[in-house]
Amino acid sequence: MKTTKTFIAAAIAALTLAGAAGAQEITEFRIGVLGGENAQDRMTSNECFRAKTEELLGVPTKLFTPADYDGVIQGLLGGTIDMAWLGASAYAKAYLTDPEAVEPVMVKTNLDKSYGYYSIGFARKDRNIASLDDMKGKVFAFGDPNSTSGYLIPSIEIPQQTGATMENGAYFGEVKFTGGHEQTIVAVANGEVDAGVTWADGMGAWEDGFNSGALRKAVDAGLVDMNDMVEIWRSKPIPEGPVVLRKALPERVKIDMTTLIASLPYMDPECAYNFMAGDALGFQPINHDAYISIIEARKSKG
């Protein structure tokens with residue numbers, strides 16, 4: 001796999017060679033943002049990236065924040081969204097629906113140069129829940145059915161590890177979908193559910209919500225005090241979801257966007273922090289092969 005700096009150099013060279021022949025064939029560019037926090041926060045976190053995209057491409061650029069993951073997936077499949085940062089499971093659904101719709105181009109890279117993350121199970125300390133063994137008969141919150149860390153991986157690994165199923169009343173008193181990561185975190189913090197799962201890179205301090213991920217964003221937003229929380233479960237490493245582009249986009253647009261994404265941490269660290277949901281090294285190229293295991297896992301769920 002190319003390093004990010006090598007990729008940037010190659011992309012810039014390609015841009016130079018493209019020259020005037022790479023005239024834009026689009027009249028606008030549309031970026032889909034997955035659920036996980038409320039729509040206004042998603043707009044705010046991605047506004048700087050939207051503005052840079054509009055300046056680079058020279059066409060109006062809009063953010064779309066559908067209520068659920070499937071809204072973004074369907075937008076990509078239907079051609080009404082041009083780009084999105086998907087979770088691995090959401091990419092798997094898009095690929096299984098139409099292999100020619102989108103292509104992975106970049107992936108967020110952690111500070112240790114890995115590109116994995118974890119599904120983290122957590123609860124309030126005052127609920128006296130230390131592990132999944134203490135969750136029998138209790139309410140367990142998940143995010144979106146199309147979320148990798150918010151449902152797919154826990155729904156596979158938790159039964160493998162404990163014998164518990166995702167059926168209401170079979171082990172957990174209730175398996176509840178909140179709609180997204182932020183909603184899950186708030187529900188646990190407010191005592192509306194007993195525990196939940198969300199995503200994090202698993203590095204850095206617990207009290208900070210780790211280095212990046214939904215917990216870090218919630219801490220930064222003042223939605224949760226991690227000192228009130230305890231980790232009760234952690235998945236195996238999950239491949240970070242890809243930034244995808246519609247395959248039908250002009251090649252020049254694809255090159256422009258991959259170069260922008262790769263360059264973002266060097267161009268504007270604050271914008272990159274918001275876009276990457278916390279501290280991370282940046283982005284590196286990725287392709288379909290990195291997600292074959294997730295695609296197979298998604299197939300296994302029917």
# chains A, B, ... in the order shown; residues from 1 in each chain; ligands from 1
$ residues_around --residues "Phe177 of chain A" --least-positions-apart "2" --cutoff "8 Å" --atoms "only C-alpha atoms" --output "PyMOL selection string"
chain A and resi 141-145+175+179-180
$ select_by_dssp --residues "segment 176-258 of chain A" --states "strand (DSSP E)" --output "PyMOL selection string"
chain A and resi 176-177+195-200+229-234+238-239+242-246
$ select_by_dssp --residues "segment 48-288 of chain A" --states "helix (DSSP H, G or I)" --output "JSON, numbers by chain"
{"A": [48, 49, 50, 51, 52, 53, 54, 55, 56, 57, 69, 70, 71, 72, 73, 74, 75, 76, 77, 78, 88, 89, 90, 91, 92, 93, 94, 95, 96, 97, 125, 126, 127, 132, 133, 134, 135, 148, 149, 150, 151, 152, 153, 154, 155, 156, 157, 158, 159, 160, 161, 162, 181, 182, 183, 184, 185, 186, 187, 188, 189, 206, 207, 208, 214, 215, 216, 217, 218, 219, 220, 226, 227, 228, 251, 252, 253, 254, 255, 256, 257, 258, 259, 260, 261, 262, 263, 264, 265, 266, 267, 269, 270, 271, 272, 273, 274, 275, 288]}
$ write_last_selection --atoms "C-alpha atoms" --output "short mmCIF file (atom, residue, chain, number, x, y, z; two decimals), in the first residue's frame"
data_model
loop_
_atom_site.label_atom_id
_atom_site.label_comp_id
_atom_site.auth_asym_id
_atom_site.auth_seq_id
_atom_site.Cartn_x
_atom_site.Cartn_y
_atom_site.Cartn_z
CA CYS A 48 -14.98 23.12 6.50
CA PHE A 49 -14.55 20.07 4.26
CA ARG A 50 -17.59 21.07 2.22
CA ALA A 51 -16.18 24.56 1.69
CA LYS A 52 -12.79 23.21 0.62
CA THR A 53 -14.47 20.81 -1.80
CA GLU A 54 -16.53 23.61 -3.32
CA GLU A 55 -13.43 25.77 -3.78
CA LEU A 56 -11.46 22.90 -5.32
CA LEU A 57 -14.11 21.62 -7.72
CA TYR A 69 -27.38 5.04 7.40
CA ASP A 70 -29.62 3.62 4.71
CA GLY A 71 -30.44 7.11 3.50
CA VAL A 72 -26.79 7.67 2.59
CA ILE A 73 -26.44 4.19 1.07
CA GLN A 74 -29.52 4.67 -1.12
CA GLY A 75 -28.30 8.12 -2.16
CA LEU A 76 -25.03 6.65 -3.37
CA LEU A 77 -26.80 3.81 -5.16
CA GLY A 78 -29.28 6.18 -6.79
CA ALA A 88 -17.43 -1.07 6.59
CA SER A 89 -20.87 -2.68 6.92
CA ALA A 90 -22.56 0.17 5.04
CA TYR A 91 -19.99 -0.22 2.25
CA ALA A 92 -20.69 -3.96 2.23
CA LYS A 93 -24.42 -3.30 1.79
CA ALA A 94 -23.77 -0.85 -1.04
CA TYR A 95 -21.41 -3.30 -2.77
CA LEU A 96 -23.75 -6.27 -2.38
CA THR A 97 -26.62 -4.21 -3.80
CA LYS A 125 -20.53 2.92 36.73
CA ASP A 126 -23.51 3.34 39.03
CA ARG A 127 -25.36 0.54 37.21
CA LEU A 132 -21.81 -8.82 29.57
CA ASP A 133 -22.43 -11.36 32.35
CA ASP A 134 -24.14 -8.55 34.26
CA MET A 135 -26.37 -7.63 31.31
CA THR A 148 -20.56 -1.97 11.59
CA SER A 149 -19.60 -1.24 15.20
CA GLY A 150 -23.08 -0.18 16.22
CA TYR A 151 -24.65 -3.53 15.33
CA LEU A 152 -23.12 -5.91 12.74
CA ILE A 153 -19.96 -6.89 14.61
CA PRO A 154 -21.55 -7.00 18.10
CA SER A 155 -24.42 -9.09 16.71
CA ILE A 156 -21.88 -11.66 15.50
CA GLU A 157 -19.21 -11.57 18.21
CA ILE A 158 -21.37 -11.26 21.33
CA PRO A 159 -23.30 -14.50 20.59
CA GLN A 160 -19.99 -16.24 19.76
CA GLN A 161 -18.43 -15.12 23.03
CA THR A 162 -21.36 -15.48 25.44
CA HIS A 181 -23.81 6.52 18.00
CA GLU A 182 -24.50 9.86 19.66
CA GLN A 183 -28.01 8.75 20.55
CA THR A 184 -26.63 5.58 22.15
CA ILE A 185 -24.07 7.50 24.20
CA VAL A 186 -26.68 9.98 25.42
CA ALA A 187 -29.13 7.18 26.27
CA VAL A 188 -26.51 5.41 28.41
CA ALA A 189 -25.31 8.65 30.03
CA TRP A 206 -10.50 6.56 28.54
CA GLU A 207 -11.42 9.85 30.19
CA ASP A 208 -10.89 11.61 26.84
CA ALA A 214 -17.92 8.68 18.75
CA LEU A 215 -16.95 8.78 22.43
CA ARG A 216 -14.28 11.42 21.73
CA LYS A 217 -16.79 13.54 19.82
CA ALA A 218 -19.29 13.19 22.67
CA VAL A 219 -16.67 14.25 25.23
CA ASP A 220 -15.64 17.23 23.08
CA MET A 226 -16.19 9.29 30.75
CA ASN A 227 -15.30 9.16 34.46
CA ASP A 228 -18.93 8.13 35.00
CA GLU A 251 -11.79 10.65 -13.20
CA ARG A 252 -10.53 14.20 -12.66
CA VAL A 253 -13.08 14.71 -9.89
CA LYS A 254 -12.00 11.45 -8.23
CA ILE A 255 -8.35 12.53 -8.32
CA ASP A 256 -9.20 15.98 -6.96
CA MET A 257 -11.19 14.53 -4.05
CA THR A 258 -8.70 11.83 -3.07
CA THR A 259 -5.93 14.44 -3.11
CA LEU A 260 -7.97 16.80 -0.94
CA ILE A 261 -8.76 14.08 1.60
CA ALA A 262 -5.13 12.94 1.78
CA SER A 263 -3.88 16.52 2.13
CA LEU A 264 -6.42 17.69 4.72
CA PRO A 265 -4.33 17.11 7.89
CA TYR A 266 -1.45 19.08 6.37
CA MET A 267 -3.64 21.86 4.95
CA PRO A 269 -5.40 20.38 11.10
CA GLU A 270 -8.50 21.80 12.81
CA CYS A 271 -10.71 20.91 9.86
CA ALA A 272 -9.12 17.45 9.76
CA TYR A 273 -9.80 16.95 13.49
CA ASN A 274 -13.51 17.67 12.96
CA PHE A 275 -13.73 15.58 9.81
CA HIS A 288 -12.23 -3.14 -2.07
#
$ atom_distance --atom1 "atom CA of Phe283 of chain A" --atom2 "atom CA of Ser300 of chain A"
29.7 Å
$ closest_residue --among "A:Asn168, A:Thr27, A:Ser114, A:Asn211" --to "Pro237 of chain A" --atoms "only C-alpha atoms"
A:Ser114
$ atom_distance --atom1 "atom CA of Phe172 of chain A" --atom2 "atom CA of Val197 of chain A"
13.7 Å
$ closest_residue --among "A:Leu111, A:Ala195, A:Met83, A:Met43" --to "Gly137 of chain A" --atoms "only C-alpha atoms"
A:Ala195
$ residues_around --residues "Gly169 of chain A" --least-positions-apart "3" --cutoff "10 Å" --atoms "only C-alpha atoms" --output "ChimeraX atom specification"
/A:136-139,165-166,172-175
$ write_last_selection --atoms "N, CA, C and O atoms" --output "PDB file, in the first residue's frame"
ATOM      1  N   LYS A 136     -27.639  -9.679  31.731  1.00  0.00           N
ATOM      2  CA  LYS A 136     -28.791 -10.566  31.564  1.00  0.00           C
ATOM      3  C   LYS A 136     -30.055  -9.859  32.049  1.00  0.00           C
ATOM      4  O   LYS A 136     -30.113  -9.338  33.165  1.00  0.00           O
ATOM      5  N   GLY A 137     -31.055  -9.814  31.167  1.00  0.00           N
ATOM      6  CA  GLY A 137     -32.326  -9.196  31.510  1.00  0.00           C
ATOM      7  C   GLY A 137     -32.352  -7.681  31.420  1.00  0.00           C
ATOM      8  O   GLY A 137     -33.374  -7.063  31.694  1.00  0.00           O
ATOM      9  N   LYS A 138     -31.226  -7.085  31.004  1.00  0.00           N
ATOM     10  CA  LYS A 138     -31.141  -5.627  30.966  1.00  0.00           C
ATOM     11  C   LYS A 138     -31.271  -5.093  29.532  1.00  0.00           C
ATOM     12  O   LYS A 138     -31.233  -5.860  28.562  1.00  0.00           O
ATOM     13  N   VAL A 139     -31.393  -3.776  29.403  1.00  0.00           N
ATOM     14  CA  VAL A 139     -31.600  -3.131  28.104  1.00  0.00           C
ATOM     15  C   VAL A 139     -30.249  -2.761  27.495  1.00  0.00           C
ATOM     16  O   VAL A 139     -29.472  -2.009  28.096  1.00  0.00           O
ATOM     17  N   THR A 165     -28.093 -14.077  22.518  1.00  0.00           N
ATOM     18  CA  THR A 165     -28.567 -13.735  21.177  1.00  0.00           C
ATOM     19  C   THR A 165     -29.075 -12.295  21.166  1.00  0.00           C
ATOM     20  O   THR A 165     -29.188 -11.655  22.212  1.00  0.00           O
ATOM     21  N   MET A 166     -29.386 -11.814  19.976  1.00  0.00           N
ATOM     22  CA  MET A 166     -29.900 -10.455  19.832  1.00  0.00           C
ATOM     23  C   MET A 166     -31.424 -10.403  19.912  1.00  0.00           C
ATOM     24  O   MET A 166     -32.029  -9.371  19.643  1.00  0.00           O
ATOM     25  N   PHE A 172     -30.616 -10.671  26.809  1.00  0.00           N
ATOM     26  CA  PHE A 172     -30.839  -9.274  27.167  1.00  0.00           C
ATOM     27  C   PHE A 172     -32.351  -9.040  27.284  1.00  0.00           C
ATOM     28  O   PHE A 172     -33.139  -9.609  26.527  1.00  0.00           O
ATOM     29  N   GLY A 173     -32.741  -8.221  28.239  1.00  0.00           N
ATOM     30  CA  GLY A 173     -34.163  -7.943  28.395  1.00  0.00           C
ATOM     31  C   GLY A 173     -34.747  -7.299  27.154  1.00  0.00           C
ATOM     32  O   GLY A 173     -35.857  -7.614  26.729  1.00  0.00           O
ATOM     33  N   GLU A 174     -33.962  -6.375  26.571  1.00  0.00           N
ATOM     34  CA  GLU A 174     -34.378  -5.717  25.335  1.00  0.00           C
ATOM     35  C   GLU A 174     -33.148  -5.308  24.551  1.00  0.00           C
ATOM     36  O   GLU A 174     -32.174  -4.808  25.132  1.00  0.00           O
ATOM     37  N   VAL A 175     -33.181  -5.531  23.245  1.00  0.00           N
ATOM     38  CA  VAL A 175     -32.172  -5.015  22.324  1.00  0.00           C
ATOM     39  C   VAL A 175     -32.815  -3.835  21.615  1.00  0.00           C
ATOM     40  O   VAL A 175     -33.795  -3.987  20.886  1.00  0.00           O
TER      41      VAL A 175
END
$ atom_distance --atom1 "atom CA of Asp82 of chain A" --atom2 "atom CA of Lys113 of chain A"
27.6 Å
$ closest_residue --among "A:Val33, A:Ile120, A:Ala67, A:Ala101" --to "Lys236 of chain A" --atoms "only C-alpha atoms"
A:Ile120
